[in-house]
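Asks: Okay, handing you the structure first.
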Amino acid sequence: MILLGEKVTMQDIADKLGVTKVSVSKAINNQPGISDKLREQILKTSKALGYIKTKHTSESANYNLALVCPKRFFLDDESFYTTIYYYINKRCTEKGFPVSCFVINEAEEVSGKLPAQLLTGHFDGIFISGELQLHFLEQLEKIDAAKIAIDFYRPELKIDSIVVDNFLTGLEVTNYLIQKGHKKIGFVGDIHGTSSICDRYFGYLKALSLNHLPIRQDWHIYNSDRLTGLYSSDFPLPDQLPTAFVCHCDKAALVLMQKLSTRGISVPQQVSILSFDNTNVCELLVPRLTSVDINRKQIAYSSIDKMLYRINHPDAAPQKIYLGSHLIERDSVSVPPNDNL
């Protein structure tokens, strides 16, 4: 209900019609992306409510935002995505933008069932943090709101993505191991799990290929469930181990180190291990874990900047923005042993 003398906002019009503020903005600013019928209805309602168009910037606008993340990336012992959410929420709170967080469980993801509040909340923008199954993403894409994919991309989706150049980084860290003298290098990660893992794997393959080193299927292992994200030590080790492993994340490296320990195999004296994400566990492990540092604060702030641009430029071509990373050298990598395991 709008009281006499109160200033009418775009959100008031959106609430009145049950549409998003993005649709109202498109109609009032004569932008494409909505039907002529809806545009006419919005303009008629705006006039009836006495809305006065004022010039505003993204800094002064009052956007309603949401963040969606699969549960497997939001576990108690996984800090990568929770840290990204922390920085997004912190910066948006400073700007006066509320951010609702939706953690999607396995049943919702498989069925493609969106949370009711996500469907009825009239969000201006949705951050999709972590790669969900395509069926769920397709349902999410139908919501009339700006969308930013964080740490993944899908060619099928025409939305902006904020990612690390995982292919190049996979190539660089494998070359790092080769320069240390390793010629037998394995990979840990399910390439069908996310685009990030897949790109890291193919960067690893390129490094091996360019250096004429063996590519063995039994040296490619994975130790996590694709849907739940839970890790398990119940996976086979190859009869002949490589002298080094590139692991797709720190948790995968932790589980591998535990598995090797049960076999009496020492890290890095017998097998070197390198991973991605540089989470807190790296300093807690013995030996301390060498890992690629990915600046989660930079990912969060770049995602916010792109979201504000997308809301105000809904018809601009989608972009894939690559962010940098760097390797933090610790104790889990050494020169390879002289004798084969």
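Chains: A, B, ... in order of the structure tokens. Residues: from 1 per chain. Ligands: from 1, in order shown.
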Skip A:Lys71 itself and residues of its chain fewer than 3 positions away, then list as a list in words all residues within 7 Å of it, counting only C-alpha atoms.
Replies: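 With the cut-off at 7 Å, the set is Phe74, Leu75, Val103, Ile104 and Asn105 of chain A.
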Asks: If you keep all heavy atoms, can you produce a file of those selected residues as an mmCIF file, in the first residue's frame?
Replies:
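part-v8.cif, written as the output of this step:
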data_model
loop_
_atom_site.group_PDB
_atom_site.id
_atom_site.type_symbol
_atom_site.label_atom_id
_atom_site.label_comp_id
_atom_site.auth_asym_id
_atom_site.auth_seq_id
_atom_site.Cartn_x
_atom_site.Cartn_y
_atom_site.Cartn_z
ATOM 1 N N PHE A 74 28.705 -26.103 -0.243
ATOM 2 C CA PHE A 74 28.423 -25.245 0.903
ATOM 3 C C PHE A 74 28.470 -26.050 2.194
ATOM 4 O O PHE A 74 27.775 -25.752 3.152
ATOM 5 C CB PHE A 74 27.045 -24.599 0.738
ATOM 6 C CG PHE A 74 27.044 -23.113 0.980
ATOM 7 C CD1 PHE A 74 27.664 -22.247 0.105
ATOM 8 C CD2 PHE A 74 26.409 -22.576 2.091
ATOM 9 C CE1 PHE A 74 27.653 -20.887 0.318
ATOM 10 C CE2 PHE A 74 26.393 -21.211 2.323
ATOM 11 C CZ PHE A 74 27.023 -20.359 1.430
ATOM 12 N N LEU A 75 29.308 -27.083 2.215
ATOM 13 C CA LEU A 75 29.439 -27.939 3.386
ATOM 14 C C LEU A 75 30.254 -27.242 4.466
ATOM 15 O O LEU A 75 30.979 -26.275 4.206
ATOM 16 C CB LEU A 75 30.105 -29.269 2.997
ATOM 17 C CG LEU A 75 29.368 -30.093 1.930
ATOM 18 C CD1 LEU A 75 30.229 -31.276 1.511
ATOM 19 C CD2 LEU A 75 28.027 -30.572 2.457
ATOM 20 N N VAL A 103 20.630 -22.429 -0.590
ATOM 21 C CA VAL A 103 21.484 -23.605 -0.714
ATOM 22 C C VAL A 103 20.632 -24.754 -1.247
ATOM 23 O O VAL A 103 19.666 -25.175 -0.598
ATOM 24 C CB VAL A 103 22.132 -23.972 0.635
ATOM 25 C CG1 VAL A 103 22.999 -25.215 0.487
ATOM 26 C CG2 VAL A 103 22.963 -22.797 1.158
ATOM 27 N N ILE A 104 20.973 -25.249 -2.424
ATOM 28 C CA ILE A 104 20.144 -26.230 -3.136
ATOM 29 C C ILE A 104 20.594 -27.643 -2.797
ATOM 30 O O ILE A 104 21.759 -28.011 -3.005
ATOM 31 C CB ILE A 104 20.239 -26.001 -4.663
ATOM 32 C CG1 ILE A 104 19.924 -24.536 -5.010
ATOM 33 C CG2 ILE A 104 19.313 -26.950 -5.397
ATOM 34 C CD1 ILE A 104 18.579 -24.061 -4.554
ATOM 35 N N ASN A 105 19.677 -28.449 -2.257
ATOM 36 C CA ASN A 105 20.035 -29.828 -1.915
ATOM 37 C C ASN A 105 19.976 -30.733 -3.144
ATOM 38 O O ASN A 105 19.534 -30.320 -4.219
ATOM 39 C CB ASN A 105 19.161 -30.359 -0.777
ATOM 40 C CG ASN A 105 17.682 -30.420 -1.150
ATOM 41 O OD1 ASN A 105 17.319 -30.759 -2.275
ATOM 42 N ND2 ASN A 105 16.811 -30.102 -0.190
#
Asks: Quick one: residues within 8 Å of A:Ala14, only C-alpha atoms counted, chain neighbours fewer than 4 positions away excluded, as a list in words?
Replies: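 After dropping sequence-adjacent residues, the list is Met10, Gly18, Val19, Thr20, Lys21, Ser23, Val24 and His122 of chain A.
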Asks: For the residues in the current selection, export N, CA, C and O atoms as a short mmCIF file (atom, residue, chain, number, x, y, z; two decimals), in the first residue's frame.
Replies:
data_model
loop_
_atom_site.label_atom_id
_atom_site.label_comp_id
_atom_site.auth_asym_id
_atom_site.auth_seq_id
_atom_site.Cartn_x
_atom_site.Cartn_y
_atom_site.Cartn_z
N MET A 10 10.25 2.13 -8.47
CA MET A 10 10.09 1.03 -9.42
C MET A 10 9.66 -0.25 -8.70
O MET A 10 8.89 -1.05 -9.24
N GLY A 18 3.34 -7.72 -9.80
CA GLY A 18 3.88 -9.06 -9.62
C GLY A 18 4.96 -9.39 -10.64
O GLY A 18 5.07 -10.53 -11.10
N VAL A 19 5.77 -8.38 -10.99
CA VAL A 19 6.88 -8.59 -11.93
C VAL A 19 8.17 -8.13 -11.24
O VAL A 19 8.16 -7.66 -10.11
N THR A 20 9.30 -8.26 -11.93
CA THR A 20 10.56 -7.83 -11.35
C THR A 20 10.81 -6.36 -11.63
O THR A 20 10.26 -5.79 -12.57
N LYS A 21 11.69 -5.79 -10.80
CA LYS A 21 12.06 -4.40 -11.01
C LYS A 21 12.81 -4.22 -12.32
O LYS A 21 12.79 -3.16 -12.94
N SER A 23 12.08 -5.70 -15.15
CA SER A 23 11.06 -5.52 -16.18
C SER A 23 10.50 -4.11 -16.16
O SER A 23 10.28 -3.49 -17.21
N VAL A 24 10.28 -3.57 -14.96
CA VAL A 24 9.77 -2.20 -14.83
C VAL A 24 10.77 -1.21 -15.42
O VAL A 24 10.42 -0.29 -16.16
N HIS A 122 10.85 -11.77 -6.58
CA HIS A 122 11.06 -10.63 -7.48
C HIS A 122 12.48 -10.09 -7.35
O HIS A 122 12.71 -8.93 -6.99
#
Asks: Find the residues near A:Phe123: any atom within 7 Å, counting only C-alpha atoms, skip ones fewer than 5 places away on the same chain, and give them as a PyMOL selection string.
Replies: chain A and resi 20+64-66+145
Asks: Can you build me a table of stretch 124-243 of chain A residues sitting at most 7 Å from stretch 248-270 of chain A, with the closest atom pair per residue and its distance in Å to one decimal, using only C-alpha atoms, sorted by chain and residue number, as JSON lines?
Replies:
{"residue": "A:Val188", "atom": "CA", "partner": "A:His248", "partner_atom": "CA", "distance": 6.0}
{"residue": "A:Gly189", "atom": "CA", "partner": "A:His248", "partner_atom": "CA", "distance": 5.3}
{"residue": "A:Ile197", "atom": "CA", "partner": "A:His248", "partner_atom": "CA", "distance": 6.0}
{"residue": "A:Asn223", "atom": "CA", "partner": "A:Ala252", "partner_atom": "CA", "distance": 6.7}
{"residue": "A:Ser233", "atom": "CA", "partner": "A:Lys259", "partner_atom": "CA", "distance": 6.1}
{"residue": "A:Thr243", "atom": "CA", "partner": "A:Gln270", "partner_atom": "CA", "distance": 6.5}
Asks: With N, CA, C and O atoms retained, write the just-selected residues as a tab-separated table (two decimals), in the first residue's frame.
Replies:
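Final output, saved to result_27.tsv:
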chain	number	residue	atom	x	y	z
A	188	VAL	N	43.85	-35.87	-10.07
A	188	VAL	CA	42.73	-36.26	-9.21
A	188	VAL	C	41.58	-35.30	-9.43
A	188	VAL	O	41.70	-34.11	-9.17
A	189	GLY	N	40.44	-35.83	-9.92
A	189	GLY	CA	39.27	-34.98	-10.14
A	189	GLY	C	38.36	-35.56	-11.20
A	189	GLY	O	38.83	-36.12	-12.20
A	197	ILE	N	37.05	-28.20	-13.13
A	197	ILE	CA	37.85	-29.42	-13.06
A	197	ILE	C	38.24	-29.87	-14.46
A	197	ILE	O	39.39	-30.25	-14.72
A	223	ASN	N	37.92	-38.97	-6.11
A	223	ASN	CA	37.58	-39.48	-4.78
A	223	ASN	C	36.40	-38.75	-4.16
A	223	ASN	O	36.29	-38.66	-2.94
A	233	SER	N	37.69	-42.18	1.03
A	233	SER	CA	38.98	-42.84	0.78
A	233	SER	C	38.79	-44.20	0.12
A	233	SER	O	39.77	-44.92	-0.11
A	243	THR	N	54.89	-40.15	-9.68
A	243	THR	CA	55.72	-39.48	-8.66
A	243	THR	C	55.06	-38.18	-8.19
A	243	THR	O	55.54	-37.56	-7.24
Asks: Which polymer residues have any atom within 9 Å of an atom of stretch 160-172 of chain A, counting only C-alpha atoms, with same-chain residues fewer than 3 positions away left out, as a PyMOL selection string?
Replies: chain A and resi 147-154+157+175-177+195-208+246+292+294+299-300+302-303+306-307+310+317-326
Asks: As an MDAnalysis selection string, which residues of stretch 76-177 of chain A does DSSP assign to helix (DSSP H, G or I)?
Replies: chainID A and resid 80:95 106:111 116:120 134:141 166:177
Asks: One decimal, in Å: what's the spacing between atom CA of A:Glu109 and atom CA of A:Val68?
Replies: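 Computing the Euclidean distance for atom CA of A:Glu109 and atom CA of A:Val68 yields 11.2 Å.
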Asks: Just how far from atom CA of A:Asp331 is atom CA of A:Ser232, in Å to one decimal?
Replies: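 Here the two named atoms are 23.9 Å from each other.
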Asks: Running DSSP on the backbone, which parts of stretch 48-250 of chain A land in strand (DSSP E), as a ChimeraX atom specification?
Replies: /A:65-70,99-104,125-129,146-150,160-164,185-188,220-221,244-247
Asks: Residues at most 8 Å from A:Gly229, counting only C-alpha atoms, excluding those fewer than 4 positions away in the same chain, as a list of chain:residue names?
Replies: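 The contact residues come out as A:Arg72, A:Phe73, A:Ser224, A:Asp225.
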Asks: Distance atom CA of A:Asn280-atom CA of A:Tyr86, one decimal place?
Replies: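 Computing the Euclidean distance for atom CA of A:Asn280 and atom CA of A:Tyr86 yields 15.4 Å.
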